[in-house]
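Student: If you scroll down you'll find the structure; I have some questions about it.
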Amino acid sequence: MDMLTAEKLTAQDYRSDLKPVWCPGCGDYAVIAAIAKALAELQLPREDVAFVSGIGCSSRIPAYSAVYGFHGVHGRALPIATGLKMARPDMTVLVAGGDGDGFSIGGNHFMHACRRNADLTYIVMDNSVYGMTKGQASPTTEPDWEGSKLTPDGTHITPFQPLEIALSAGASFISRAFSGKPAELTRQICEGVNHKGFSLIHVLSPCVTFRPEQRAYKDKVHEEWRPTADRTEAFQKLMADDGFATGILYQGTKPPFRPEMGVPATIAEIEAQFAV
Amino acid sequence: MDMLTAEKLTAQDYRSDLKPVWCPGCGDYAVIAAIAKALAELQLPREDVAFVSGIGCSSRIPAYSAVYGFHGVHGRALPIATGLKMARPDMTVLVAGGDGDGFSIGGNHFMHACRRNADLTYIVMDNSVYGMTKGQASPTTEPDWEGSKLTPDGTHITPFQPLEIALSAGASFISRAFSGKPAELTRQICEGVNHKGFSLIHVLSPCVTFRPEQRAYKDKVHEEWRPTADRTEAFQKLMADDGFATGILYQGTKPPFRPEMGVPATIAEIEAQFAV
Amino acid sequence: MAISSVSIALTGSGGAGVMTAGQVLLDAAAKAGLYGLMAKSLGPQIRGGESAALLRISNEPVQSSDDTYDLLMAVDWGNIERFAAELPLSKDSVIICDPAQGPVPELMLTANPRVVNVPLKELAASLEGGRVNMVGLGLIAELIGLPESSIVDILAAALKKKGPEALEASKAGLRAGQKAAQSITGIVKLSPPGPSTTERWSINGNEATGLGALKGGVRFVAAYPITPATEILEWLAPQLPKVGGCLIQAEDELASINQIIGGSFGGVPALTATSGPGLALMSEALGLAVASETPLLVCNVMRGGPSTGIPTKSEQVDLNIALYGMHGDAPHIVTAPNSISDCVFTAQWSVYLAEAMQAPVILLSDQAMGQSKAIIDKPADLGFIGERLAAEANVENYQRYAVTASGISPMAVPGTPGGMYTADGLEHSPRGTPSTQASHHQEQLDKRLRKLTDFDYGDHWGDIEGDSETAIITWGSITDPTREAIDRLADEGVSVKLISIRLLAPALPDKFSAALKGVKRAMVVEQNHSRQFHTYLRGVYDLPADTITYHRPGPVAIRPSEIVEAVKAWNKGA
Amino acid sequence: MAISSVSIALTGSGGAGVMTAGQVLLDAAAKAGLYGLMAKSLGPQIRGGESAALLRISNEPVQSSDDTYDLLMAVDWGNIERFAAELPLSKDSVIICDPAQGPVPELMLTANPRVVNVPLKELAASLEGGRVNMVGLGLIAELIGLPESSIVDILAAALKKKGPEALEASKAGLRAGQKAAQSITGIVKLSPPGPSTTERWSINGNEATGLGALKGGVRFVAAYPITPATEILEWLAPQLPKVGGCLIQAEDELASINQIIGGSFGGVPALTATSGPGLALMSEALGLAVASETPLLVCNVMRGGPSTGIPTKSEQVDLNIALYGMHGDAPHIVTAPNSISDCVFTAQWSVYLAEAMQAPVILLSDQAMGQSKAIIDKPADLGFIGERLAAEANVENYQRYAVTASGISPMAVPGTPGGMYTADGLEHSPRGTPSTQASHHQEQLDKRLRKLTDFDYGDHWGDIEGDSETAIITWGSITDPTREAIDRLADEGVSVKLISIRLLAPALPDKFSAALKGVKRAMVVEQNHSRQFHTYLRGVYDLPADTITYHRPGPVAIRPSEIVEAVKAWNKGA
Ligand SMILES: Cc1ncc(C[n+]2csc(CCOP(=O)(O)OP(=O)(O)O)c2C)c(N)n1
Ligand SMILES: Cc1ncc(C[n+]2csc(CCOP(=O)(O)OP(=O)(O)O)c2C)c(N)n1
Ligand code: SF4
Ligand code: SF4
Ligand SMILES: [Mg+2]
Ligand SMILES: [Mg+2]
């Protein structure tokens with residue numbers, strides 16, 4: 001239908017009419033805008049795109065788009081997306097969520113999705129906090145952050161390094177962006193969607209309510225990375241990373257995961273194996 | 001009791017009288033032997049050691065020791081061990097299991113245990129297969145292994161790199177051993193137990209039933225690594241790794257995770273906050 | 001006898017500060033020697049969403065929210081359609097609203113309440129640093145007759161850090177509100193408090209649950225945050241280190257439940273708190289706790305379901321999963337506090353039960369109880385402290401899972417010389433060795449059931465109040481509205497017996513039969529869609545042939561009058 | 001009428017090849033035109049552990065294992081104490097054993113069976129490449145009168161790849177066994193087969209379940225291996241690509257269940273298979289499937305519980321969790337095949353139900369059914385194919401969760417222009433927008449229940465056989481022994497009606513009442529410790545006042561005679 005109309009779809013066409021539940025000023029507003037823009041740039045028919053998420057402020061995002069969406073349970077966005085992509089390889093599948101959803105409860109799926117390298121684009125809105133449950137430490141929270149009542153003296157735990165883990169686990173496209181620089185973010189989403197394989201787009205997206213100091217991200221980020229296909233080089237860049245470098249860190253060429261097709265047979269032919 | 005007797009405990013004293021369910025020739029026999037030997041070397045009172053595992057052939061191991069043990073559910077050995085260590089910091093806690101238990105279903109706990117860096121020693125018996133469920137591919141299985149009926153054409157998935165992930169995630173002691181070289185394994189276990197923080201000991205331990213070709217590991221392993229405290233150096237070694245280098249790859253100095261203690265108060269004092 | 005009270009709803013969008021105003025009102029009431037209850041109606045937004053503080057204040061203990069609100073003050077009407085159903089009014093209700101916020105929405109007028117316009121925003125704007133919620137607070141306090149001094153005391157304490165200007169600004173707001181109230185007449189005033197005999201507490205259900213657990217001996221907590229259970233954890237986190245314990249935040253619920261299994265195996269009474277989705281993730285490990293006989297307490301604070309459901313709203317919907325959510329034959333304990341005050345006792349008792357029987361206990365609270373704050377008499381302490389039957393050192397041939405008459409076997413705490421054993425979720429011999437043998441399976445199954453059914457639970461199985469041929473059987477947070485309904489029926493000469501079950505599992509037919517003594521007919525009251533409690537009771541107990549149910553889902557609270565009406569309709573044979 | 005048959009147990013340690021021998025025996029019986037059943041008793045070891053092939057062969061269809069074994073051939077006695085209870089003998093039984101393996105253990109002699117010593121090992125050793133299991137096979141075949149040619153045919157096919165020497169060696173073994181059999185007399189011989197009218201299949205329950213699902217339309221499978229469900233997956237993995245589908249191995253059960261939710265959301269009928277521990281891990285996502293109305297099929301093959309329990313043994317113990325294991329009010333469908341043959345139908349029908357009602361279906365099979373192989377008549381195909389009500393393209397104002405009379409709403413398959421919606425596990429409006437509103441919650445709860453209770457299930461709710469005032473109510477794998485018990489009772493003039501429920505949930509009181517028509521008293525038969533089925537039936541249905549239960553846990557199979565005895569004792573008023 002979209003394909004038949006002569007008119008190009010605008011970014012607005014990829015947005016739904018729902019008003020986000022987000023706080024005024026939340027970084028996630030820029031992310032949905034960038035996604036809509038990227039989809040418009042790619043001119044993907046809306047019905048051929050699906051957008052899957054877990055639970056969290058950030059995970060509310062699919063309903064704010066006008067493509068097919070699945071707002072699943074906490075931490076399981078990637079399995080839902082993987083199943084969808086395996087069953088429906090013709091769909092373009094985006095996945096999104098927060099740092100808690102993706103790296104805490106969903107950490108195992110994250111690692112295995114990187115390994116499996118199915119053709120998914122995973123956008124993580126990292127605010128180093130659990131926004132939705134009112135401000136607990138997430139895996140990417142600084143060890144000395146004392147803002148949560150659950151860990152009033154800080155976590156004392158080494159922050160999770162999403163890009164390092166993605167690289168170790170085998171993701172074939174890895175980038176970082178800042179929600180406050182939407183053009184770069186839009187570009188990365190386009191590249192990620194075009195990339196054949198698992199793409200991680202790590203978005204620094206401030207939580208103005210529980211981490212108001214993250215407003216300062218805008219002074220900290222620096223565009224730095226150009227894509228490399230050399231894992232060692234990518235690791236070296238990460239060893240020198242201050243957490244605020246942006247750009248495409250790594251883009252490899254390993255083929256995306258696709259289950260094999262078989263020689264067709266009818267059910268009757270298959271049943272024949274049981275005849276004595 | 002053990003402490004009072006003048007006699008030294010022997011390796012045998014750390015073994016129970018149960019006959020393992022393992023197949024003849026299984027690599028895991030050497031692992032329980034090395035553990036018993038290491039404990040004897042360390043002369044730890046048996047009652048002060050606990051040994052936690054999940055489910056799998058390898059995970060049967062605690063009952064073959066004579067220390068306190070917990071044979072939990074599949075994939076959850078590390079959380080049980082973490083809880084035990086947090087509640088009972090005085091205990092020496094060993095954790096063990098297979099590649100499926102630790103890196104597939106238990107992958108998230110593995111990552112977060114590395115990050116948290118509690119003082120645990122985690123021994124993974126890696127045979128690149130699910131032994132207990134009769135031979136399916138595990139995360140460390142080669143992508144072209146066609147020995148499983150579930151993935152008859154191979155998995156086509158990049159194998160999981162336990163040491164890379166451990167290093168990325170923040171483990172403070174990382175080593176690799178081969179069950180066929182028990183002296184080195186014993187040494188690593190001693191070092192791991194002595195290390196204050198999370199120790200991963202990755203043991204290549206052949207499954208002679210479903211991966212008989214792993215008998216050839218003995219010709220492939222090569223002692224190579226000397227400990228470094230430099231993550232970058234450790235990464236470089238891993239970039240050059242063929243999967244069969246043994247030794248201690250990395251030993252860092254970050255302090256083990258310990259919850260904070262507080263200023264003592266009585267329940268009555270605590271209750272006072274509710275009085276109007 | 002039914003109590004006399006004033007009920008007030010304060011509503012407005014997130015930033016409007018209605019929760020703060022409600023909290024101050026409640027605290028001030030406490031200060032003035034009154035009792036009170038404040039429930040919360042929250043939307044999904046973190047900030048700026050619709051919300052309501054729902055108060056009831058009285059000179060007698062407040063059990064439950066009332067049927068309707070005497071006063072509804074709307075700071076604005078944002079998204080009112082989403083929760084209007086939670087704000088029942090009557091023709092005697094008074095809506096106080098700001099004409100600047102537009103006309104009163106039609107759906108608030110169906111009961112024909114009186115509407116009083118007060119230019120709240122304008123009044124606030126006319127003051128230096130004036131805030132609408134303070135104006136509203138002054139207005140409400142004046143209307144219901146709450147002494148200004150008690151409010152000022154509370155504000156002074158709350159604003160200490162912000163300096164005297166903040167307090168002055170607030171006071172000015174209060175006074176503007178009081179003045180505005182003068183023109184409004186015909187509002188019920190609070191009766192003055194009776195003489196206070198006992199210490200009063202201001203506490204919410206989640207804090208009470210945390211406190212009870214601490215008193216019962218819990219010293220290790222591992223958990224993953226989830227609405228509406230997080231406050232249990234937030235309360236416990238800073239308390240535990242004071243008594244030599246600790247709390248750790250886990251990566252997920254699979255980790256948290258297994259971590260407390262580990263801690264408890266280590267001999268330390270352990271707890272986690274969660275809500276439906278988290279409890280679902282804990283099912284497998286709860287089975288492990290059953291099989292390995294590891295004591296632990298899971299406090300499940302229910303919210304609307306299924307799935308992610310309605311996280312901020314209350315329902316009694318996790319009874320099924322709490323009772324039956326484990327694979328295999330997995331007998332365990334399920335308890336439920338039946339008031340905010342009872343959260344302290346039930347949590348404490350639950351730790352005791354878990355430790356005594358070496359079994360997992362699931363305590364079912366809910367959002368309505370957990371996130372509501374009450375002014376109550378300080379709860380009595382019955383002194384239950386968790387203690388498990390420990391194995392002595394160097395027992396010859398120690399058998400961790402020895403088959404004993406009580407079903408309870410001495411448990412060696414790691415560190416005990418000669419007590420070394422391996423806990424196992426595989427079926428096992430008495431020693432703990434994995435076994436596939438039919439006789440081992442049978443004797444361990446028998447033992448794990450027997451230890452629960454033969455235990456002496458004393459008088460705490462349930463609260464049985466009054467005597468009548470007619471009984472209401474209920475549990476959990478619906479007990480208090482039921483109590484009030486029964487009081488009201490009594491005022492009308494209709495007597496109803498209350499059976500509120502605190503120990504939901506194991507089923508104890510003797511206790512149930514004793515409770516039913518003299519009862520000819522029963523009504524089962526619960527707040528869910530599928531009659532989970534009624535179905536359970538039918539399955540495990542013999543109910544009177546004449547048994548009906550009154551149930552419906554959330555998020556709207558079940559009010560005393562609904563129960564009164566249901567009983568009357570039943571009496572009429574409707 | 002009760003059938004005449006021969007029952008044989010072959011036991012020995014892992015390497016002894018008793019499973020192979022049993023399999024050949026069964027296949028040969030099939031070849032010879034007979035019916036048969038082979039159950040497996042397995043230990044925890046991967047290799048070298050104790051095991052037993054438990055066969056029953058007859059010229060009529062075999063429903064169930066018999067009460068005792070006519071023949072028990074023990075290649076060795078390793079760990080016999082662990083599973084002796086699974087090998088009931090009578091005084092008419094014959095034990096064939098090798099004196100070289102030591103004396104017959106006392107516990108095998110309690111029923112006073114005849115013992116025949118045969119030097120199996122010695123005989124095998126005397127032959128080039130001789131194997132004990134082949135000698136035993138020849139011996140057994142000769143004793144029961146199975147033609148040698150059918151065995152040789154099977155062996156020839158099996159040993160094709162290994163070359164003619166292997167076949168010759170096996171034949172020599174067979175012959176040595178036959179010869180040894182000559183001196184043994186007094187063993188019941190098989191009656192010759194009747195004329196074969198229909199195609200016969202040799203299939204186990206797990207394969208049958210996989211086939212049924214494939215026939216129902218499943219084209220996407222994601223799973224994590226677990227005993228005793230893995231064979232469903234192993235069978236499906238190579239079949240799916242032939243019909244355009246695929247199977248992926250997930251990292252865990254949380255992934256596998258969510259992956260099939262994703263696949264099914266994509267419009268492809270999807271399945272996972274698991275056992276108790278895995279089902280427990282799927283609880284949360286099953287709730288998501290309920291709330292988001294995503295069809296899917298979970299085949300749960302039960303094993304001994306709780307926790308890791310007894311993974312290789314059978315029990316009907318996951319009924320509770322299948323029915324009630326989700327948080328919130330989460331109506332869904334639970335089915336159970338009641339024979340190996342019925343696994344094909346029930347799995348196929350379950351796919352149909354899932355798709356038709358857009359709901360998750362949990363199918364409960366068990367180890368006894370899943371891992372037993374049967375020679376059966378080719379099952380009839382009733383033609384149920386999963387198909388969901390799809391939304392058309394570009395419907396104006398499309399509402400994914402429209403409140404319809406049937407409760408079923410058209411579902412837009414991704415790719416459908418103009419059908420874009422977001423599936424949600426949060427409570428939602430008809431459009432799918434998250435909502436906390438009471439009216440939305442009520443109407444969606446009603447709809448999700450209504451679509452299940454109002455559906456037309458045709459005649460497949462259960463199998464109702466015979467007519468009598470006395471009924472046995474049962475389900476799943478215990479149905480077949482019950483059928484045989486009822487046949488035997490009929491032979492003795494005692495008539496019993498069978499009600500075997502295939503659709504366990506939703507509860508359909510009308511169907512149940514109809515089934516109970518004319519029934520005055522009932523016995524509920526099930527294989528678990530806590531009467532899960534009986535408690536469930538009591539909860540949701542009206543049972544006759546005179547209802548008793550016969551139940552006990554695994555791992556020992558419930559035999560027909562136990563049920564016969566239970567009925568007789570009941571008749572005697574014992
Ligand atoms: C199983 C389960 N556990 C816990 C929760 C509660 N919960 C909802 S969102 C969330 C964390 C959200 O953090 P993040 O993913 O970083 O998203 P953000 O809100 O920061 O965007 C948690 C713990 C849940 N919904 N389900
Ligand atoms: C929740 C759950 N899922 C699946 C299983 C089945 N299972 C038991 S062990 C195992 C894998 C074992 O592999 P690994 O950890 O590598 O141990 P190994 O047997 O190879 O030593 C699986 C899948 C289980 N017990 N529990
Ligand atoms: S709480 Fe934080 S992450 Fe959530 S909507 Fe508000 S600003 Fe955004
Ligand atoms: S199956 Fe493999 S891993 Fe398991 S006991 Fe046998 S050899 Fe060892
Ligand atoms: Mg976050
Ligand atoms: Mg393995």
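By order in the structure tokens, chains are A, B, ...; within a chain, residues start at 1; ligands start at 1, following the order shown.
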Considering only C-alpha atoms, extract the chain C residues located within 6 Å of chain D and return them as an MDAnalysis selection string.
Tutor: chainID C and resid 82 276:277 280:281 283:284 287:288 305:310 317:318 320:321 324:330 425:427 436:438 535 538:539 555
Student: Let's have the selection written as a compact mmCIF listing (two decimals), in the first residue's frame, with N, CA and C atoms.
Tutor:
# COMPACT_ATOMS: atom_id res chain seq x y z
N ARG C 82 -9.21 8.31 33.23
CA ARG C 82 -8.46 7.08 33.49
C ARG C 82 -8.69 6.53 34.89
N GLY C 276 4.12 -9.94 40.76
CA GLY C 276 3.76 -11.01 39.83
C GLY C 276 4.81 -11.45 38.82
N PRO C 277 5.27 -10.56 37.94
CA PRO C 277 6.22 -10.99 36.92
C PRO C 277 7.49 -11.59 37.53
N ALA C 280 6.78 -15.05 38.95
CA ALA C 280 6.73 -16.05 37.88
C ALA C 280 8.14 -16.53 37.55
N LEU C 281 9.08 -15.60 37.53
CA LEU C 281 10.46 -15.99 37.21
C LEU C 281 11.10 -16.81 38.31
N SER C 283 9.62 -19.26 39.95
CA SER C 283 8.96 -20.55 40.13
C SER C 283 9.94 -21.71 40.22
N GLU C 284 10.88 -21.77 39.28
CA GLU C 284 11.76 -22.93 39.27
C GLU C 284 12.56 -23.02 40.56
N GLY C 287 10.80 -24.22 43.62
CA GLY C 287 10.76 -25.68 43.66
C GLY C 287 12.05 -26.24 44.23
N LEU C 288 13.15 -25.60 43.90
CA LEU C 288 14.44 -26.04 44.46
C LEU C 288 14.45 -25.86 45.97
N GLY C 305 -2.90 -7.84 36.93
CA GLY C 305 -2.33 -8.77 35.97
C GLY C 305 -3.34 -9.07 34.90
N PRO C 306 -3.09 -9.97 33.98
CA PRO C 306 -1.88 -10.80 33.84
C PRO C 306 -0.75 -10.03 33.17
N SER C 307 0.38 -10.71 33.03
CA SER C 307 1.58 -10.17 32.41
C SER C 307 1.95 -8.84 33.07
N THR C 308 2.46 -7.90 32.32
CA THR C 308 2.88 -6.65 32.95
C THR C 308 1.66 -5.96 33.55
N GLY C 309 0.51 -6.21 32.94
CA GLY C 309 -0.77 -5.82 33.56
C GLY C 309 -0.91 -4.35 33.86
N ILE C 310 -1.22 -4.06 35.13
CA ILE C 310 -1.36 -2.66 35.58
C ILE C 310 -0.47 -2.52 36.81
N VAL C 317 -4.45 -11.15 42.70
CA VAL C 317 -4.46 -12.04 41.53
C VAL C 317 -3.34 -13.05 41.48
N ASP C 318 -2.44 -13.03 42.44
CA ASP C 318 -1.34 -13.98 42.35
C ASP C 318 -1.53 -15.15 43.31
N ASN C 320 -3.24 -17.98 42.66
CA ASN C 320 -3.02 -19.22 41.92
C ASN C 320 -1.54 -19.57 41.83
N ILE C 321 -0.76 -18.63 41.35
CA ILE C 321 0.66 -18.94 41.14
C ILE C 321 1.36 -19.18 42.47
N TYR C 324 0.13 -22.75 43.44
CA TYR C 324 0.29 -23.87 42.51
C TYR C 324 1.35 -23.62 41.44
N GLY C 325 2.15 -22.61 41.60
CA GLY C 325 3.03 -22.19 40.50
C GLY C 325 4.30 -23.00 40.32
N MET C 326 4.49 -24.06 41.07
CA MET C 326 5.73 -24.83 40.92
C MET C 326 5.45 -26.16 40.24
N HIS C 327 6.42 -26.64 39.51
CA HIS C 327 6.25 -27.95 38.89
C HIS C 327 6.50 -29.04 39.93
N GLY C 328 5.96 -30.23 39.63
CA GLY C 328 6.10 -31.33 40.59
C GLY C 328 5.20 -31.14 41.80
N ASP C 329 5.26 -32.11 42.69
CA ASP C 329 4.53 -31.99 43.96
C ASP C 329 5.41 -31.20 44.92
N ALA C 330 5.07 -29.95 45.12
CA ALA C 330 5.97 -29.04 45.82
C ALA C 330 5.27 -28.31 46.96
N GLY C 425 18.40 -30.66 44.65
CA GLY C 425 17.07 -30.54 44.05
C GLY C 425 16.67 -31.79 43.30
N LEU C 426 17.62 -32.69 43.13
CA LEU C 426 17.27 -34.03 42.64
C LEU C 426 16.63 -34.78 43.80
N GLU C 427 15.73 -35.70 43.51
CA GLU C 427 15.21 -36.54 44.58
C GLU C 427 16.39 -37.29 45.18
N THR C 436 16.80 -42.34 42.29
CA THR C 436 15.61 -42.49 41.44
C THR C 436 14.69 -43.54 42.03
N GLN C 437 15.00 -43.98 43.21
CA GLN C 437 14.33 -45.11 43.82
C GLN C 437 12.93 -44.72 44.32
N ALA C 438 11.96 -45.57 44.01
CA ALA C 438 10.57 -45.27 44.35
C ALA C 438 10.39 -45.03 45.85
N THR C 535 -12.19 -20.92 44.14
CA THR C 535 -11.85 -22.19 43.49
C THR C 535 -10.90 -23.00 44.36
N ARG C 538 -12.81 -24.43 47.38
CA ARG C 538 -13.61 -25.58 46.92
C ARG C 538 -12.74 -26.82 46.76
N GLY C 539 -11.55 -26.59 46.20
CA GLY C 539 -10.66 -27.72 45.92
C GLY C 539 -10.17 -28.42 47.18
N PRO C 555 -8.88 -2.23 38.89
CA PRO C 555 -8.11 -1.55 39.93
C PRO C 555 -8.99 -0.84 40.96
Student: Step by step, measure atom-to-atom distances between ligand 2 and each residue using only C-alpha atoms and all ligand atoms, keep those at most 7 Å, then write them as a ChimeraX atom specification.
Tutor: /B:55-59,73-74,97-102,125-133,138 /D:224-227,252-253,277-278,281,308
Student: Please return, as a count of residues only, all residues of stretch 143-273 of chain A that DSSP assigns to alpha helix (DSSP H) on the basis of the backbone.
Tutor: 39
Student: Residues near B:His195, anyone? I mean within 9 Å using only C-alpha atoms, not counting same-chain ones fewer than 6 positions away, as a ChimeraX atom specification.
Tutor: /B:119-121,172-173,251
Student: For a quick test of understanding: name the residues of chain A lying within 8 Å of chain D when counting only C-alpha atoms, and present them as a ChimeraX atom specification.
Tutor: /A:1-2,46-50,62-63,66-73,76,79-88,91,108-109,112,259-267,270-271,274-276
Student: Within 12 Å of stretch 224-238 of chain A, counting only C-alpha atoms, which residues qualify if same-chain residues fewer than 3 places away don't, as a VMD selection string?
Tutor: (chain A and resid 161 to 177 184 188 191 to 192 221 241 to 254) or (chain B and resid 164 167 to 168 231 to 240)
Student: Just to be explicit: take each residue in the selection above, keep C-alpha atoms, and write the result as a PDB file, in the first residue's frame.
Tutor:
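Contents of selection-v6.pdb, freshly written:
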ATOM      1  CA  GLN A 161      30.716  -2.333  29.160  1.00  0.00           C
ATOM      2  CA  PRO A 162      28.109  -2.915  26.484  1.00  0.00           C
ATOM      3  CA  LEU A 163      30.407  -2.384  23.547  1.00  0.00           C
ATOM      4  CA  GLU A 164      33.183  -4.588  24.880  1.00  0.00           C
ATOM      5  CA  ILE A 165      30.750  -7.367  25.599  1.00  0.00           C
ATOM      6  CA  ALA A 166      29.123  -6.977  22.189  1.00  0.00           C
ATOM      7  CA  LEU A 167      32.486  -7.186  20.520  1.00  0.00           C
ATOM      8  CA  SER A 168      33.574 -10.196  22.580  1.00  0.00           C
ATOM      9  CA  ALA A 169      30.286 -11.922  21.971  1.00  0.00           C
ATOM     10  CA  GLY A 170      30.401 -11.440  18.229  1.00  0.00           C
ATOM     11  CA  ALA A 171      28.076  -8.595  17.258  1.00  0.00           C
ATOM     12  CA  SER A 172      28.844  -7.544  13.722  1.00  0.00           C
ATOM     13  CA  PHE A 173      27.904  -3.858  13.968  1.00  0.00           C
ATOM     14  CA  ILE A 174      28.585  -1.759  17.053  1.00  0.00           C
ATOM     15  CA  SER A 175      28.133   1.952  17.464  1.00  0.00           C
ATOM     16  CA  ARG A 176      27.487   4.630  20.045  1.00  0.00           C
ATOM     17  CA  ALA A 177      25.427   7.785  19.764  1.00  0.00           C
ATOM     18  CA  GLU A 184      24.413  11.247  14.064  1.00  0.00           C
ATOM     19  CA  GLN A 188      23.718   5.200  12.820  1.00  0.00           C
ATOM     20  CA  GLU A 191      23.550   2.138   8.880  1.00  0.00           C
ATOM     21  CA  GLY A 192      22.469  -0.375  11.487  1.00  0.00           C
ATOM     22  CA  VAL A 221      30.466  13.344  24.030  1.00  0.00           C
ATOM     23  CA  ASP A 241      37.352   4.766  25.635  1.00  0.00           C
ATOM     24  CA  ASP A 242      36.068   7.270  28.175  1.00  0.00           C
ATOM     25  CA  GLY A 243      32.494   6.151  27.602  1.00  0.00           C
ATOM     26  CA  PHE A 244      31.630   9.218  25.557  1.00  0.00           C
ATOM     27  CA  ALA A 245      33.196   8.528  22.183  1.00  0.00           C
ATOM     28  CA  THR A 246      30.524   8.267  19.504  1.00  0.00           C
ATOM     29  CA  GLY A 247      30.459   6.840  16.008  1.00  0.00           C
ATOM     30  CA  ILE A 248      30.537   3.379  14.493  1.00  0.00           C
ATOM     31  CA  LEU A 249      33.127   1.370  16.357  1.00  0.00           C
ATOM     32  CA  TYR A 250      33.058  -1.854  14.422  1.00  0.00           C
ATOM     33  CA  GLN A 251      31.418  -3.294  11.375  1.00  0.00           C
ATOM     34  CA  GLY A 252      32.278  -6.865  10.483  1.00  0.00           C
ATOM     35  CA  THR A 253      31.287  -9.001   7.568  1.00  0.00           C
ATOM     36  CA  LYS A 254      30.213 -12.293   9.056  1.00  0.00           C
TER      37      LYS A 254
ATOM     38  CA  GLU B 164      37.068 -12.599  26.623  1.00  0.00           C
ATOM     39  CA  LEU B 167      37.751 -10.000  30.994  1.00  0.00           C
ATOM     40  CA  SER B 168      35.255  -7.558  29.484  1.00  0.00           C
ATOM     41  CA  ARG B 231      43.696  -5.771  30.737  1.00  0.00           C
ATOM     42  CA  THR B 232      44.954  -4.534  27.387  1.00  0.00           C
ATOM     43  CA  GLU B 233      47.763  -7.051  27.427  1.00  0.00           C
ATOM     44  CA  ALA B 234      45.342  -9.786  28.359  1.00  0.00           C
ATOM     45  CA  PHE B 235      43.070  -8.813  25.475  1.00  0.00           C
ATOM     46  CA  GLN B 236      45.982  -8.935  23.097  1.00  0.00           C
ATOM     47  CA  LYS B 237      46.784 -12.446  24.230  1.00  0.00           C
ATOM     48  CA  LEU B 238      43.191 -13.445  23.676  1.00  0.00           C
ATOM     49  CA  MET B 239      43.189 -11.982  20.184  1.00  0.00           C
ATOM     50  CA  ALA B 240      46.005 -14.420  19.414  1.00  0.00           C
TER      51      ALA B 240
END
Student: Can you tell me which residues come within 6 Å of ligand 3 when counting only C-alpha atoms and all ligand atoms, ideally as a list of chain:residue names?
Tutor: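 Sorted by chain and then by number, the residues are A:Trp22, A:Cys23, A:Cys26, A:Cys57, A:Gly131, A:Met132, A:Cys207, A:Val208, A:Thr209, A:Phe210, C:Ile46.
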Student: Neighbouring residues of B:Ala30 were defined as those with any atom within 8 Å, considering only C-alpha atoms; residues of the same chain fewer than 5 positions away were excluded. Please report them as a list in words.
Tutor: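 The neighbour list is Ser179, Gly180 and Pro182 of chain B.
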